[in-house]
Structures are given as structure tokens and as C-alpha cells.
file data.cif (mmCIF, N, CA and C atoms)
data_entry
#
loop_
_atom_site.label_atom_id
_atom_site.label_comp_id
_atom_site.auth_asym_id
_atom_site.auth_seq_id
_atom_site.Cartn_x
_atom_site.Cartn_y
_atom_site.Cartn_z
N MET A 1 97.35 -100.97 -51.54
CA MET A 1 96.89 -102.07 -50.73
C MET A 1 96.06 -103.00 -51.62
N ASN A 2 96.39 -104.29 -51.55
CA ASN A 2 95.65 -105.25 -52.37
C ASN A 2 94.49 -105.86 -51.57
N PHE A 3 93.77 -106.75 -52.21
CA PHE A 3 92.54 -107.32 -51.64
C PHE A 3 92.82 -108.06 -50.33
N GLU A 4 93.83 -108.92 -50.31
CA GLU A 4 94.13 -109.71 -49.11
C GLU A 4 94.59 -108.83 -47.96
N GLN A 5 95.42 -107.84 -48.25
CA GLN A 5 95.90 -106.94 -47.21
C GLN A 5 94.76 -106.13 -46.60
N ALA A 6 93.84 -105.70 -47.43
CA ALA A 6 92.70 -104.92 -46.94
C ALA A 6 91.84 -105.75 -46.00
N ILE A 7 91.59 -106.98 -46.37
CA ILE A 7 90.76 -107.84 -45.52
C ILE A 7 91.46 -108.15 -44.21
N SER A 8 92.74 -108.49 -44.28
CA SER A 8 93.45 -108.81 -43.04
C SER A 8 93.59 -107.58 -42.14
N THR A 9 93.80 -106.40 -42.73
CA THR A 9 93.90 -105.19 -41.93
C THR A 9 92.58 -104.89 -41.22
N CYS A 10 91.49 -104.99 -41.95
CA CYS A 10 90.19 -104.71 -41.34
C CYS A 10 89.82 -105.74 -40.28
N MET A 11 90.16 -106.98 -40.49
CA MET A 11 89.84 -107.99 -39.49
C MET A 11 90.74 -107.89 -38.26
N MET A 12 91.99 -107.45 -38.44
CA MET A 12 92.86 -107.25 -37.29
C MET A 12 92.44 -106.02 -36.48
N LYS A 13 91.90 -105.02 -37.17
CA LYS A 13 91.42 -103.81 -36.50
C LYS A 13 89.90 -103.84 -36.37
N PHE A 14 89.35 -105.00 -36.03
CA PHE A 14 87.90 -105.17 -36.08
C PHE A 14 87.14 -104.29 -35.10
N ALA A 15 87.79 -103.85 -34.03
CA ALA A 15 87.10 -102.99 -33.05
C ALA A 15 87.83 -101.67 -32.86
N THR A 16 88.64 -101.27 -33.83
CA THR A 16 89.37 -100.01 -33.75
C THR A 16 88.60 -98.96 -34.52
N PHE A 17 88.02 -98.03 -33.77
CA PHE A 17 87.23 -96.98 -34.40
C PHE A 17 88.03 -95.70 -34.58
N SER A 18 89.25 -95.68 -34.10
CA SER A 18 90.11 -94.50 -34.28
C SER A 18 91.11 -94.81 -35.38
N GLY A 19 91.66 -93.76 -35.95
CA GLY A 19 92.62 -93.93 -37.04
C GLY A 19 91.96 -93.69 -38.38
N ARG A 20 92.63 -94.14 -39.41
CA ARG A 20 92.16 -93.89 -40.77
C ARG A 20 92.17 -95.17 -41.58
N ALA A 21 91.32 -95.21 -42.58
CA ALA A 21 91.27 -96.33 -43.52
C ALA A 21 91.34 -95.76 -44.93
N SER A 22 92.23 -96.31 -45.73
CA SER A 22 92.36 -95.82 -47.10
C SER A 22 91.13 -96.22 -47.92
N LYS A 23 90.99 -95.60 -49.05
CA LYS A 23 89.85 -95.88 -49.91
C LYS A 23 89.86 -97.33 -50.37
N ASN A 24 91.04 -97.83 -50.76
CA ASN A 24 91.13 -99.22 -51.21
C ASN A 24 90.79 -100.20 -50.10
N GLU A 25 91.30 -99.93 -48.90
CA GLU A 25 91.01 -100.80 -47.77
C GLU A 25 89.50 -100.86 -47.52
N PHE A 26 88.86 -99.73 -47.53
CA PHE A 26 87.42 -99.66 -47.29
C PHE A 26 86.63 -100.37 -48.38
N LEU A 27 86.93 -100.07 -49.64
CA LEU A 27 86.17 -100.66 -50.74
C LEU A 27 86.39 -102.16 -50.87
N TYR A 28 87.64 -102.61 -50.73
CA TYR A 28 87.91 -104.04 -50.80
C TYR A 28 87.22 -104.80 -49.68
N PHE A 29 87.22 -104.23 -48.47
CA PHE A 29 86.59 -104.91 -47.35
C PHE A 29 85.07 -104.97 -47.54
N TYR A 30 84.46 -103.91 -48.00
CA TYR A 30 83.03 -103.93 -48.24
C TYR A 30 82.66 -104.87 -49.39
N PHE A 31 83.51 -104.97 -50.40
CA PHE A 31 83.29 -105.93 -51.48
C PHE A 31 83.37 -107.35 -50.94
N PHE A 32 84.35 -107.63 -50.08
CA PHE A 32 84.49 -108.93 -49.44
C PHE A 32 83.26 -109.24 -48.59
N TYR A 33 82.79 -108.27 -47.83
CA TYR A 33 81.60 -108.45 -47.01
C TYR A 33 80.37 -108.75 -47.87
N PHE A 34 80.25 -108.04 -48.99
CA PHE A 34 79.14 -108.29 -49.92
C PHE A 34 79.20 -109.71 -50.46
N LEU A 35 80.38 -110.17 -50.85
CA LEU A 35 80.52 -111.54 -51.37
C LEU A 35 80.19 -112.58 -50.31
N ILE A 36 80.62 -112.34 -49.08
CA ILE A 36 80.32 -113.26 -47.98
C ILE A 36 78.81 -113.31 -47.74
N GLN A 37 78.15 -112.16 -47.80
CA GLN A 37 76.69 -112.14 -47.60
C GLN A 37 75.96 -112.88 -48.72
N VAL A 38 76.40 -112.69 -49.95
CA VAL A 38 75.77 -113.39 -51.08
C VAL A 38 75.97 -114.90 -50.94
N PHE A 39 77.21 -115.30 -50.61
CA PHE A 39 77.51 -116.71 -50.43
C PHE A 39 76.69 -117.32 -49.29
N SER A 40 76.57 -116.59 -48.18
CA SER A 40 75.80 -117.12 -47.05
C SER A 40 74.32 -117.21 -47.38
N ASN A 41 73.83 -116.30 -48.19
CA ASN A 41 72.42 -116.38 -48.62
C ASN A 41 72.20 -117.61 -49.49
N ILE A 42 73.10 -117.85 -50.43
CA ILE A 42 72.99 -119.03 -51.30
C ILE A 42 73.12 -120.30 -50.48
N LEU A 43 74.08 -120.32 -49.57
CA LEU A 43 74.30 -121.49 -48.71
C LEU A 43 73.09 -121.73 -47.81
N GLY A 44 72.55 -120.68 -47.26
CA GLY A 44 71.37 -120.83 -46.40
C GLY A 44 70.17 -121.34 -47.16
N ASP A 45 69.98 -120.87 -48.38
CA ASP A 45 68.87 -121.37 -49.20
C ASP A 45 69.07 -122.83 -49.58
N ALA A 46 70.30 -123.22 -49.85
CA ALA A 46 70.57 -124.60 -50.26
C ALA A 46 70.47 -125.57 -49.09
N ILE A 47 70.99 -125.18 -47.94
CA ILE A 47 71.02 -126.11 -46.80
C ILE A 47 69.71 -126.09 -46.03
N VAL A 48 69.29 -124.91 -45.64
CA VAL A 48 68.11 -124.81 -44.79
C VAL A 48 66.83 -124.90 -45.60
N GLY A 49 66.87 -124.40 -46.82
CA GLY A 49 65.72 -124.48 -47.70
C GLY A 49 64.67 -123.44 -47.43
N ASN A 50 65.08 -122.28 -46.93
CA ASN A 50 64.10 -121.22 -46.67
C ASN A 50 64.22 -120.13 -47.74
N ALA A 51 64.03 -120.53 -48.99
CA ALA A 51 64.14 -119.58 -50.09
C ALA A 51 63.01 -118.56 -50.07
N GLY A 52 61.92 -118.86 -49.39
CA GLY A 52 60.80 -117.95 -49.32
C GLY A 52 60.99 -116.83 -48.32
N SER A 53 61.83 -117.05 -47.31
CA SER A 53 62.02 -116.02 -46.29
C SER A 53 63.00 -114.96 -46.79
N LYS A 54 62.93 -113.80 -46.17
CA LYS A 54 63.76 -112.69 -46.63
C LYS A 54 65.23 -112.91 -46.29
N TYR A 55 65.55 -113.35 -45.09
CA TYR A 55 66.93 -113.59 -44.66
C TYR A 55 67.04 -114.98 -44.07
N SER A 56 68.11 -115.67 -44.41
CA SER A 56 68.34 -116.98 -43.83
C SER A 56 69.05 -116.83 -42.49
N THR A 57 69.00 -117.86 -41.70
CA THR A 57 69.65 -117.84 -40.40
C THR A 57 71.16 -117.70 -40.55
N ILE A 58 71.71 -118.35 -41.54
CA ILE A 58 73.15 -118.27 -41.78
C ILE A 58 73.55 -116.85 -42.15
N GLN A 59 72.75 -116.19 -42.97
CA GLN A 59 73.05 -114.82 -43.37
C GLN A 59 72.97 -113.88 -42.17
N LEU A 60 72.02 -114.09 -41.28
CA LEU A 60 71.92 -113.26 -40.09
C LEU A 60 73.12 -113.46 -39.16
N CYS A 61 73.58 -114.70 -39.03
CA CYS A 61 74.75 -114.97 -38.20
C CYS A 61 76.00 -114.31 -38.77
N VAL A 62 76.17 -114.38 -40.08
CA VAL A 62 77.31 -113.73 -40.73
C VAL A 62 77.22 -112.22 -40.54
N GLY A 63 76.02 -111.67 -40.66
CA GLY A 63 75.84 -110.24 -40.45
C GLY A 63 76.19 -109.80 -39.05
N ILE A 64 75.84 -110.61 -38.05
CA ILE A 64 76.18 -110.29 -36.67
C ILE A 64 77.68 -110.38 -36.44
N VAL A 65 78.33 -111.38 -37.02
CA VAL A 65 79.78 -111.53 -36.86
C VAL A 65 80.52 -110.36 -37.48
N PHE A 66 80.05 -109.89 -38.63
CA PHE A 66 80.74 -108.81 -39.35
C PHE A 66 80.24 -107.42 -38.97
N LEU A 67 79.33 -107.30 -38.03
CA LEU A 67 78.77 -106.00 -37.67
C LEU A 67 79.83 -105.03 -37.16
N THR A 68 80.62 -105.44 -36.20
CA THR A 68 81.64 -104.55 -35.64
C THR A 68 82.74 -104.22 -36.64
N PRO A 69 83.30 -105.19 -37.39
CA PRO A 69 84.33 -104.82 -38.37
C PRO A 69 83.83 -103.87 -39.45
N VAL A 70 82.59 -104.03 -39.90
CA VAL A 70 82.04 -103.16 -40.94
C VAL A 70 81.85 -101.74 -40.40
N LEU A 71 81.32 -101.63 -39.19
CA LEU A 71 81.15 -100.31 -38.59
C LEU A 71 82.50 -99.63 -38.32
N ALA A 72 83.48 -100.40 -37.86
CA ALA A 72 84.80 -99.83 -37.58
C ALA A 72 85.48 -99.35 -38.86
N ALA A 73 85.38 -100.13 -39.93
CA ALA A 73 85.98 -99.72 -41.20
C ALA A 73 85.30 -98.47 -41.73
N GLY A 74 83.99 -98.39 -41.61
CA GLY A 74 83.27 -97.20 -42.05
C GLY A 74 83.64 -95.98 -41.24
N CYS A 75 83.80 -96.14 -39.94
CA CYS A 75 84.20 -95.03 -39.07
C CYS A 75 85.61 -94.56 -39.41
N ARG A 76 86.53 -95.50 -39.61
CA ARG A 76 87.90 -95.11 -39.98
C ARG A 76 87.94 -94.43 -41.34
N ARG A 77 87.09 -94.86 -42.26
CA ARG A 77 87.04 -94.21 -43.58
C ARG A 77 86.51 -92.79 -43.45
N LEU A 78 85.53 -92.56 -42.60
CA LEU A 78 85.03 -91.20 -42.36
C LEU A 78 86.13 -90.31 -41.79
N HIS A 79 86.94 -90.87 -40.88
CA HIS A 79 88.07 -90.09 -40.34
C HIS A 79 89.06 -89.72 -41.44
N ASP A 80 89.26 -90.62 -42.40
CA ASP A 80 90.19 -90.36 -43.48
C ASP A 80 89.69 -89.25 -44.40
N THR A 81 88.38 -89.10 -44.51
CA THR A 81 87.82 -88.06 -45.37
C THR A 81 87.62 -86.74 -44.63
N GLY A 82 88.00 -86.69 -43.36
CA GLY A 82 87.92 -85.46 -42.60
C GLY A 82 86.63 -85.26 -41.83
N ARG A 83 85.81 -86.29 -41.73
CA ARG A 83 84.57 -86.19 -40.97
C ARG A 83 84.67 -87.02 -39.70
N SER A 84 83.82 -86.75 -38.75
CA SER A 84 83.87 -87.53 -37.51
C SER A 84 83.09 -88.82 -37.71
N GLY A 85 83.57 -89.85 -37.07
CA GLY A 85 82.91 -91.14 -37.17
C GLY A 85 81.99 -91.32 -36.02
#

call {"tool": "encode", "arguments": {"input": "data.cif", "output": "C-alpha cells"}}
result
Amino acid sequence: MNFEQAISTCMMKFATFSGRASKNEFLYFYFFYFLIQVFSNILGDAIVGNAGSKYSTIQLCVGIVFLTPVLAAGCRRLHDTGRSG
């Protein structure tokens, strides 16, 4: 599974907590999430100008949007390793 397939699979299964997620799917999606968070932090600091605060409003909004897909991917990865999610 390549980078684009992993992201599209995780976003299509954004609320599916059953099933399995391969290692590549999990790692690529978390890497994508990390990049989005870094970009939103930079964007929030540039636009809003709150470099002194710990989290920007844009970063919090991105975190809320990605909360369910990140939890679902983590749960499916736990199922793949033989543990309960």
C-alpha cells in the first residue's frame, strides 16, 4: 500500500473501528496526520499571529476533524496485531 492509498483508505473508513489496518496504512496515515498538524501550526502562527500560545485555533480545528479517523486507524491496527481496540 502506498502513501495515497493509505490516506484514502483511512479517510473512507473514518468511523470504522472494526477490521484490520496494515502496518503501512497505519504508519502512512499517522505521518500524514503529523504533517497536517505541523502545517496547521505554521499556518496558524502566520495568519493568526499567536506564536506565543501553545496551540493555534487552526491546529485545534484540524485535531478535532482528524480525531475520529486517527482513533479508528489506531483501533484497526490493534486488531491487526491481535489485541482488542

call {"tool": "closest_residue", "arguments": {"input": "data.cif", "among": "A:Phe39, A:Phe3, A:Phe14, A:Phe31", "to": "Ala72 of chain A", "atoms": "all atoms listed in the file"}}
result
A:Phe14

call {"tool": "resolve_selection", "arguments": {"input": "data.cif", "expression": "the PyMOL selection byres ((chain A and resi 58) around 7)", "output": "PDB file with N, CA and C atoms, in the frame of the given file"}}
result
ATOM      1  N   SER A  40      76.570-116.590 -48.180  1.00  0.00           N
ATOM      2  CA  SER A  40      75.800-117.120 -47.050  1.00  0.00           C
ATOM      3  C   SER A  40      74.320-117.210 -47.380  1.00  0.00           C
ATOM      4  N   ASN A  41      73.830-116.300 -48.190  1.00  0.00           N
ATOM      5  CA  ASN A  41      72.420-116.380 -48.620  1.00  0.00           C
ATOM      6  C   ASN A  41      72.200-117.610 -49.490  1.00  0.00           C
ATOM      7  N   LEU A  43      74.080-120.320 -49.570  1.00  0.00           N
ATOM      8  CA  LEU A  43      74.300-121.490 -48.710  1.00  0.00           C
ATOM      9  C   LEU A  43      73.090-121.730 -47.810  1.00  0.00           C
ATOM     10  N   GLY A  44      72.550-120.680 -47.260  1.00  0.00           N
ATOM     11  CA  GLY A  44      71.370-120.830 -46.400  1.00  0.00           C
ATOM     12  C   GLY A  44      70.170-121.340 -47.160  1.00  0.00           C
ATOM     13  N   TYR A  55      65.550-113.350 -45.090  1.00  0.00           N
ATOM     14  CA  TYR A  55      66.930-113.590 -44.660  1.00  0.00           C
ATOM     15  C   TYR A  55      67.040-114.980 -44.070  1.00  0.00           C
ATOM     16  N   SER A  56      68.110-115.670 -44.410  1.00  0.00           N
ATOM     17  CA  SER A  56      68.340-116.980 -43.830  1.00  0.00           C
ATOM     18  C   SER A  56      69.050-116.830 -42.490  1.00  0.00           C
ATOM     19  N   THR A  57      69.000-117.860 -41.700  1.00  0.00           N
ATOM     20  CA  THR A  57      69.650-117.840 -40.400  1.00  0.00           C
ATOM     21  C   THR A  57      71.160-117.700 -40.550  1.00  0.00           C
ATOM     22  N   GLN A  59      72.750-116.190 -42.970  1.00  0.00           N
ATOM     23  CA  GLN A  59      73.050-114.820 -43.370  1.00  0.00           C
ATOM     24  C   GLN A  59      72.970-113.880 -42.170  1.00  0.00           C
ATOM     25  N   LEU A  60      72.020-114.090 -41.280  1.00  0.00           N
ATOM     26  CA  LEU A  60      71.920-113.260 -40.090  1.00  0.00           C
ATOM     27  C   LEU A  60      73.120-113.460 -39.160  1.00  0.00           C
ATOM     28  N   CYS A  61      73.580-114.700 -39.030  1.00  0.00           N
ATOM     29  CA  CYS A  61      74.750-114.970 -38.200  1.00  0.00           C
ATOM     30  C   CYS A  61      76.000-114.310 -38.770  1.00  0.00           C
ATOM     31  N   VAL A  62      76.170-114.380 -40.080  1.00  0.00           N
ATOM     32  CA  VAL A  62      77.310-113.730 -40.730  1.00  0.00           C
ATOM     33  C   VAL A  62      77.220-112.220 -40.540  1.00  0.00           C
ATOM     34  N   GLY A  63      76.020-111.670 -40.660  1.00  0.00           N
ATOM     35  CA  GLY A  63      75.840-110.240 -40.450  1.00  0.00           C
ATOM     36  C   GLY A  63      76.190-109.800 -39.050  1.00  0.00           C
TER      37      GLY A  63
END

call {"tool": "residues_around", "arguments": {"input": "data.cif", "residues": "Ala6 of chain A", "least_positions_apart": "2", "cutoff": "7 Å", "atoms": "all atoms listed in the file", "output": "VMD selection string"}}
result
chain A and resid 1 to 4 8 to 11 24 to 26 28 to 29

call {"tool": "resolve_selection", "arguments": {"input": "data.cif", "expression": "the PyMOL selection byres (((chain A and resi 16 and name CA) around 10) and name CA)", "output": "PyMOL selection string"}}
result
chain A and resi 10-15+17-20+68-69+71-73+75-76

call {"tool": "select_by_dssp", "arguments": {"input": "data.cif", "residues": "chain A", "states": "helix (DSSP H, G or I)", "output": "ChimeraX atom specification"}}
result
/A:3-12,23-47,57-65,67-80

call {"tool": "atom_distance", "arguments": {"input": "data.cif", "atom1": "atom N of Asp80 of chain A", "atom2": "atom N of Lys23 of chain A"}}
result
8.5 Å

call {"tool": "atom_distance", "arguments": {"input": "data.cif", "atom1": "atom CA of Ile47 of chain A", "atom2": "atom CA of Leu35 of chain A"}}
result
18.0 Å

call {"tool": "closest_residue", "arguments": {"input": "data.cif", "among": "A:Ser84, A:Ile7, A:Val65, A:Arg77", "to": "Phe32 of chain A", "atoms": "only C-alpha atoms"}}
result
A:Ile7

call {"tool": "atom_distance", "arguments": {"input": "data.cif", "atom1": "atom CA of Gln37 of chain A", "atom2": "atom CA of Arg83 of chain A"}}
result
27.9 Å
